>>> print(open('run.cif').read())   # mmCIF, C-alpha atoms and all ligand atoms
data_query
#
loop_
_atom_site.label_atom_id
_atom_site.label_comp_id
_atom_site.auth_asym_id
_atom_site.auth_seq_id
_atom_site.Cartn_x
_atom_site.Cartn_y
_atom_site.Cartn_z
CA MET K 1 0.00 0.00 0.00
CA GLN K 2 1.31 3.44 -0.91
CA ASN K 3 1.22 6.12 1.78
CA ILE K 4 -0.02 9.52 0.68
CA PRO K 5 2.10 12.17 2.44
CA TYR K 6 0.26 14.75 4.58
CA GLY K 7 2.10 17.48 2.71
CA ARG K 8 5.05 17.89 0.40
CA GLN K 9 6.47 21.35 -0.21
CA SER K 10 8.39 22.21 -3.32
CA ILE K 11 11.53 24.32 -2.77
CA ASN K 12 13.52 25.27 -5.86
CA GLU K 13 16.86 27.01 -6.53
CA ALA K 14 15.22 30.46 -6.67
CA ASP K 15 13.77 29.89 -3.18
CA LEU K 16 17.16 28.82 -1.79
CA LEU K 17 18.87 31.82 -3.34
CA ALA K 18 16.24 34.19 -1.94
CA VAL K 19 16.77 32.80 1.58
CA GLU K 20 20.57 32.96 1.23
CA GLN K 21 20.33 36.64 0.29
CA VAL K 22 18.29 37.34 3.42
CA LEU K 23 20.68 35.38 5.65
CA LYS K 24 23.54 37.53 4.33
CA SER K 25 21.59 40.75 4.92
CA ASP K 26 21.08 42.84 8.07
CA PHE K 27 17.47 41.80 8.65
CA LEU K 28 16.36 38.35 9.71
CA THR K 29 13.02 39.31 11.26
CA GLN K 30 10.85 42.25 10.24
CA GLY K 31 12.78 43.80 7.33
CA PRO K 32 12.63 44.70 3.64
CA ALA K 33 11.74 41.18 2.45
CA VAL K 34 8.60 41.27 4.61
CA ALA K 35 7.62 44.67 3.21
CA GLU K 36 8.22 43.43 -0.34
CA PHE K 37 6.18 40.30 0.34
CA GLU K 38 3.30 42.41 1.67
CA ARG K 39 3.40 44.63 -1.41
CA SER K 40 3.41 41.76 -3.88
CA PHE K 41 0.73 39.80 -1.97
CA SER K 42 -1.63 42.79 -1.74
CA GLU K 43 -1.23 43.17 -5.50
CA TYR K 44 -1.84 39.44 -6.00
CA VAL K 45 -5.17 39.40 -4.12
CA GLU K 46 -6.07 43.01 -5.07
CA ALA K 47 -6.34 44.15 -1.43
CA THR K 48 -5.49 47.63 -0.15
CA HIS K 49 -3.41 46.35 2.78
CA ALA K 50 -1.49 43.12 3.40
CA ILE K 51 0.14 42.56 6.80
CA ALA K 52 2.45 39.56 7.15
CA VAL K 53 2.32 37.70 10.47
CA SER K 54 3.83 34.57 11.99
CA ASN K 55 1.09 32.13 10.86
CA GLY K 56 -2.60 31.82 9.97
CA THR K 57 -3.64 31.30 13.59
CA THR K 58 -1.99 34.58 14.62
CA ALA K 59 -3.65 36.28 11.64
CA LEU K 60 -7.08 35.14 12.90
CA HIS K 61 -6.35 36.11 16.50
CA LEU K 62 -5.05 39.58 15.60
CA CYS K 63 -8.06 40.23 13.31
CA CYS K 64 -10.45 39.31 16.14
CA LEU K 65 -8.61 41.70 18.48
CA ALA K 66 -8.47 44.45 15.85
CA LEU K 67 -12.24 44.15 15.32
CA GLY K 68 -12.78 44.52 19.07
CA LEU K 69 -13.87 40.99 19.97
CA LYS K 70 -14.24 40.72 23.74
CA PRO K 71 -15.41 38.31 26.47
CA GLY K 72 -19.17 37.75 26.33
CA ASP K 73 -19.39 38.31 22.54
CA LYS K 74 -20.41 35.50 20.17
CA VAL K 75 -19.05 34.70 16.71
CA ILE K 76 -20.57 32.39 14.06
CA VAL K 77 -18.05 29.78 12.87
CA THR K 78 -18.13 26.73 10.62
CA PRO K 79 -17.71 23.21 11.98
CA ILE K 80 -15.78 22.12 8.84
CA THR K 81 -12.43 23.84 9.24
CA PHE K 82 -9.10 23.68 11.02
CA ALA K 83 -9.44 24.36 14.78
CA ALA K 84 -7.74 27.77 14.47
CA SER K 85 -10.79 29.50 12.99
CA VAL K 86 -12.71 28.57 16.15
CA ASN K 87 -9.92 28.87 18.72
CA CYS K 88 -9.26 32.51 17.74
CA VAL K 89 -12.70 33.33 19.16
CA ARG K 90 -11.86 31.50 22.40
CA TYR K 91 -8.49 33.34 22.65
CA CYS K 92 -10.51 36.55 23.05
CA GLY K 93 -12.79 35.04 25.70
CA ALA K 94 -15.74 35.02 23.29
CA GLU K 95 -18.09 32.18 22.41
CA PRO K 96 -18.02 30.36 19.05
CA ILE K 97 -21.48 29.48 17.68
CA PHE K 98 -21.38 26.63 15.17
CA VAL K 99 -23.71 26.96 12.19
CA ASP K 100 -23.95 24.01 9.82
CA ILE K 101 -22.51 23.81 6.32
CA ASP K 102 -24.33 23.34 3.04
CA PRO K 103 -23.54 19.67 2.27
CA ASP K 104 -23.21 20.45 -1.45
CA THR K 105 -20.42 23.01 -0.99
CA ALA K 106 -18.97 22.33 2.50
CA LEU K 107 -19.30 26.11 3.05
CA LEU K 108 -21.31 27.83 5.81
CA ASP K 109 -25.01 27.56 4.93
CA GLN K 110 -26.01 31.21 4.60
CA ASN K 111 -29.72 30.52 5.18
CA LYS K 112 -28.78 28.89 8.48
CA VAL K 113 -26.53 31.85 9.34
CA ARG K 114 -29.52 34.17 8.91
CA GLU K 115 -31.80 31.82 10.91
CA CYS K 116 -29.23 31.71 13.72
CA LEU K 117 -28.82 35.50 13.81
CA ALA K 118 -32.60 35.98 13.93
CA SER K 119 -33.02 33.42 16.73
CA PRO K 120 -32.45 33.90 20.49
CA GLN K 121 -29.10 32.09 20.06
CA GLY K 122 -28.00 34.88 17.71
CA LYS K 123 -28.29 37.54 20.40
CA GLY K 124 -24.77 38.84 21.14
CA VAL K 125 -23.26 37.64 17.84
CA VAL K 126 -20.83 40.34 16.65
CA GLY K 127 -19.02 38.57 13.81
CA ILE K 128 -18.91 35.72 11.30
CA ILE K 129 -15.82 33.71 10.28
CA PRO K 130 -16.55 31.84 7.01
CA VAL K 131 -13.89 29.54 5.53
CA ASP K 132 -13.20 29.25 1.78
CA PHE K 133 -13.04 25.52 2.35
CA ALA K 134 -10.59 23.56 0.14
CA GLY K 135 -10.38 26.60 -2.13
CA ALA K 136 -14.14 26.93 -2.72
CA PRO K 137 -14.89 30.65 -2.33
CA VAL K 138 -17.70 31.81 -0.03
CA ASP K 139 -20.25 34.14 -1.67
CA LEU K 140 -19.22 37.11 0.43
CA GLU K 141 -21.61 39.51 -1.28
CA GLU K 142 -24.57 37.52 0.06
CA LEU K 143 -22.93 37.08 3.47
CA ARG K 144 -22.18 40.83 3.67
CA GLY K 145 -25.90 41.53 3.20
CA ILE K 146 -26.75 39.23 6.12
CA ALA K 147 -23.92 40.58 8.27
CA ASP K 148 -25.00 44.19 7.68
CA GLU K 149 -28.59 43.35 8.61
CA PHE K 150 -27.42 42.14 12.02
CA GLY K 151 -24.48 44.52 12.55
CA CYS K 152 -21.74 41.86 12.28
CA TRP K 153 -18.20 41.98 10.94
CA ILE K 154 -16.76 39.28 8.66
CA ILE K 155 -13.29 37.71 8.79
CA GLU K 156 -12.81 35.60 5.64
CA ASP K 157 -10.57 32.61 6.40
CA ALA K 158 -8.95 32.23 2.98
CA CYS K 159 -6.17 29.88 4.14
CA HIS K 160 -7.17 27.35 1.48
CA ALA K 161 -7.91 29.87 -1.22
CA PRO K 162 -5.03 32.07 -2.44
CA GLY K 163 -5.79 32.47 -6.15
CA GLY K 164 -9.49 31.59 -5.69
CA SER K 165 -12.21 34.07 -6.63
CA PHE K 166 -15.95 34.55 -6.96
CA ASN K 167 -18.03 36.75 -9.27
CA ASP K 168 -20.48 39.08 -7.57
CA SER K 169 -23.89 40.12 -8.91
CA SER K 170 -22.35 42.92 -10.99
CA GLY K 171 -20.04 40.39 -12.66
CA HIS K 172 -16.99 41.74 -10.83
CA LYS K 173 -14.39 39.07 -10.16
CA ASN K 174 -13.32 39.13 -6.50
CA PRO K 175 -10.06 37.36 -5.66
CA CYS K 176 -10.35 35.70 -2.22
CA GLY K 177 -9.06 38.16 0.37
CA ASN K 178 -9.55 41.33 -1.71
CA GLY K 179 -11.49 42.96 1.14
CA ARG K 180 -14.40 44.18 -0.99
CA TYR K 181 -17.03 42.45 1.17
CA ALA K 182 -15.22 41.10 4.27
CA ASP K 183 -13.75 43.38 6.94
CA ALA K 184 -10.54 41.35 6.88
CA ALA K 185 -9.23 38.12 5.36
CA ILE K 186 -6.46 35.80 6.45
CA PHE K 187 -4.06 33.34 4.78
CA SER K 188 -1.63 30.65 6.00
CA PHE K 189 1.68 29.65 4.44
CA HIS K 190 2.01 26.38 6.37
CA PRO K 191 3.64 23.59 4.31
CA VAL K 192 0.29 21.95 3.47
CA LYS K 193 -1.02 25.17 1.92
CA HIS K 194 -0.80 26.26 -1.75
CA ILE K 195 2.02 28.71 -1.02
CA ALA K 196 4.36 27.41 1.68
CA CYS K 197 7.29 28.85 3.59
CA GLY K 198 7.33 26.90 6.88
CA GLU K 199 5.34 29.15 9.20
CA GLY K 200 3.70 32.28 7.86
CA GLY K 201 0.42 34.11 7.62
CA MET K 202 -1.15 37.21 6.12
CA VAL K 203 -3.99 39.57 6.95
CA THR K 204 -5.53 41.48 4.05
CA THR K 205 -8.08 44.27 4.35
CA LYS K 206 -9.28 47.44 2.69
CA SER K 207 -9.84 49.09 6.07
CA ASP K 208 -7.07 51.51 7.13
CA LYS K 209 -8.26 51.18 10.72
CA VAL K 210 -8.09 47.37 10.84
CA ALA K 211 -4.70 47.41 9.07
CA GLU K 212 -3.26 49.89 11.55
CA LYS K 213 -4.51 47.88 14.54
CA VAL K 214 -3.17 44.58 13.19
CA ARG K 215 0.23 46.21 12.45
CA LEU K 216 0.44 47.49 16.03
CA LEU K 217 -0.69 44.20 17.56
CA ARG K 218 1.87 42.13 15.65
CA THR K 219 4.77 44.19 17.04
CA HIS K 220 3.63 44.74 20.66
CA GLY K 221 2.63 48.28 19.74
CA ILE K 222 6.22 49.21 18.84
CA THR K 223 6.52 51.32 15.70
CA LYS K 224 9.57 53.55 14.96
CA ILE K 225 11.85 52.02 17.57
CA LEU K 226 11.24 48.74 15.80
CA ILE K 227 12.69 49.99 12.55
CA ARG K 228 15.73 51.64 14.18
CA SER K 229 16.75 48.83 16.50
CA ARG K 230 16.80 46.07 13.86
CA LYS K 231 16.36 43.43 16.51
CA THR K 232 12.67 43.30 17.18
CA THR K 233 10.69 40.14 16.95
CA GLY K 234 7.11 40.65 18.01
CA ALA K 235 4.93 37.66 18.77
CA GLY K 236 3.13 38.12 15.50
CA THR K 237 5.92 39.12 13.13
CA MET K 238 7.06 37.14 10.14
CA ARG K 239 10.68 36.24 9.36
CA CYS K 240 12.43 37.73 6.36
CA MET K 241 13.61 34.26 5.29
CA SER K 242 10.02 33.03 5.10
CA SER K 243 8.98 36.11 3.15
CA ALA K 244 11.85 35.62 0.73
CA ILE K 245 10.65 32.13 -0.18
CA ILE K 246 7.20 33.43 -1.04
CA ILE K 247 8.51 36.41 -2.97
CA ALA K 248 10.54 33.96 -5.05
CA PHE K 249 7.40 31.89 -5.50
CA LEU K 250 5.19 34.80 -6.56
CA THR K 251 7.91 36.22 -8.77
CA CYS K 252 8.46 33.07 -10.79
CA LYS K 253 4.66 33.01 -11.37
CA ARG K 254 3.96 29.33 -11.07
CA PRO K 255 0.62 28.96 -12.84
CA TRP K 256 -1.42 28.06 -9.77
CA ALA K 257 -0.13 31.15 -7.93
CA THR K 258 -1.37 33.60 -10.52
CA PRO K 259 -5.05 34.65 -10.49
CA ASN K 260 -6.32 34.74 -14.06
C1 LIG K 301 -8.90 26.92 7.43
C2 LIG K 301 -7.65 27.17 8.23
N1 LIG K 301 -7.62 28.24 9.05
C3 LIG K 301 -6.52 28.53 9.78
C4 LIG K 301 -5.39 27.73 9.73
C5 LIG K 301 -4.22 28.06 10.61
O1 LIG K 301 -3.05 28.36 9.88
P1 LIG K 301 -1.61 28.11 10.53
O2 LIG K 301 -1.36 26.64 10.55
O3 LIG K 301 -0.67 28.84 9.61
O4 LIG K 301 -1.61 28.69 11.90
C6 LIG K 301 -5.38 26.62 8.90
C7 LIG K 301 -4.19 25.76 8.82
O5 LIG K 301 -4.22 24.57 8.75
C8 LIG K 301 -6.55 26.31 8.13
O6 LIG K 301 -6.61 25.24 7.34
#
>>> encode(input="run.cif", output="structure tokens")
Amino acid sequence: MQNIPYGRQSINEADLLAVEQVLKSDFLTQGPAVAEFERSFSEYVEATHAIAVSNGTTALHLCCLALGLKPGDKVIVTPITFAASVNCVRYCGAEPIFVDIDPDTALLDQNKVRECLASPQGKGVVGIIPVDFAGAPVDLEELRGIADEFGCWIIEDACHAPGGSFNDSSGHKNPCGNGRYADAAIFSFHPVKHIACGEGGMVTTKSDKVAEKVRLLRTHGITKILIRSRKTTGAGTMRCMSSAIIIAFLTCKRPWATPN
């Protein structure tokens, strides 16, 4: 019997060279490679802001904090996901409310989301965390309508969906994570994901306010001192080496990394 590996990353010469260049540079943590990665990723998903963090779990946690999630609040989550998109709610002392998926798509059933929000159980729900499961994009235009009706924010967990997209009712193609309908989106660069660098994550958003909060949270609130000292490593920051691998990846435009 042949074993199917859990994951198998592909590292090529360009990736190795990119990491070597970083190792020979002055910045191993938050430096120019991270900034370059953020710029190219925001372009890739057509988002206004991209903020690189240490992994997808941190991205979720920082988004919840940036959106003001607090003890006593509730958040609608999907039961078909990795534990991180539920645990991030718990990290903030809030309560995850599971709403079932549509069995045909494995995505949150939006009719059931509405039913839940309109029911007594929905009282105190402040946000929704849908997952673009296995790359299948959530219809965020529809979900935004429901969220707005009940005053909720949306964090799109797009860990499985870099390069995915959905067309909205005006025919506009929305790359997953572009921030047009969700308040924030998150990605993971864990080795079993489409784009891998070891540990890495990204928050994308069109909101200046959310972006600023996430940037502060990832570096313990340190801003200018961080840049001058060259030796900061906040709990949420991403390493330059990791960023370099992904820049090499995005630069060489492997077909599955390029939205068409
Ligand atoms: C849907 C989903 N959300 C969040 C995460 C967490 O990402 P990370 O492993 O980078 O912390 C994963 C990773 O497996 C995931 O599949």
>>> atom_distance(input="run.cif", atom1="atom O5 of ligand LIG 301 (chain K)", atom2="CA of Arg218 in chain K")
19.8 Å
>>> atom_distance(input="run.cif", atom1="CA of Asn87 in chain K", atom2="CA of Asp148 in chain K")
24.2 Å
>>> residues_near_ligand(input="run.cif", ligand="ligand LIG 301 (chain K)", cutoff="9 Å", atoms="all atoms listed in the file", output="count of residues only")
34
>>> atom_distance(input="run.cif", atom1="CA of Ala18 in chain K", atom2="CA of Pro32 in chain K")
12.4 Å
>>> closest_residue(input="run.cif", among="K:Gly171, K:Ile76, K:Ile4, K:Gln21", to="Ile245 in chain K", atoms="all atoms listed in the file")
K:Gln21
>>> closest_residue(input="run.cif", among="K:Leu117, K:Leu65, K:Ala196, K:Leu107", to="Cys92 in chain K", atoms="all atoms listed in the file")
K:Leu65
>>> residues_around(input="run.cif", residues="Phe98 in chain K", least_positions_apart="5", cutoff="6 Å", atoms="all atoms listed in the file", output="MDAnalysis selection string")
chainID K and resid 76:79
>>> residues_around(input="run.cif", residues="Val45 in chain K", least_positions_apart="3", cutoff="9 Å", atoms="only C-alpha atoms", output="ChimeraX atom specification")
/K:40-42,162-163,174-179,204,259
>>> residues_around(input="run.cif", residues="Asp183 in chain K", least_positions_apart="5", cutoff="9 Å", atoms="only C-alpha atoms", output="list in words")
Leu67, Trp153, Ile154, Ile155, Glu156, Thr204, Thr205, Lys206, Ser207 and Val210 of chain K
>>> write_last_selection(input="run.cif", atoms="C-alpha atoms", output="mmCIF file, keeping the file's coordinate frame")
data_model
loop_
_atom_site.group_PDB
_atom_site.id
_atom_site.type_symbol
_atom_site.label_atom_id
_atom_site.label_comp_id
_atom_site.auth_asym_id
_atom_site.auth_seq_id
_atom_site.Cartn_x
_atom_site.Cartn_y
_atom_site.Cartn_z
ATOM 1 C CA LEU K 67 -12.240 44.150 15.320
ATOM 2 C CA TRP K 153 -18.200 41.980 10.940
ATOM 3 C CA ILE K 154 -16.760 39.280 8.660
ATOM 4 C CA ILE K 155 -13.290 37.710 8.790
ATOM 5 C CA GLU K 156 -12.810 35.600 5.640
ATOM 6 C CA THR K 204 -5.530 41.480 4.050
ATOM 7 C CA THR K 205 -8.080 44.270 4.350
ATOM 8 C CA LYS K 206 -9.280 47.440 2.690
ATOM 9 C CA SER K 207 -9.840 49.090 6.070
ATOM 10 C CA VAL K 210 -8.090 47.370 10.840
#
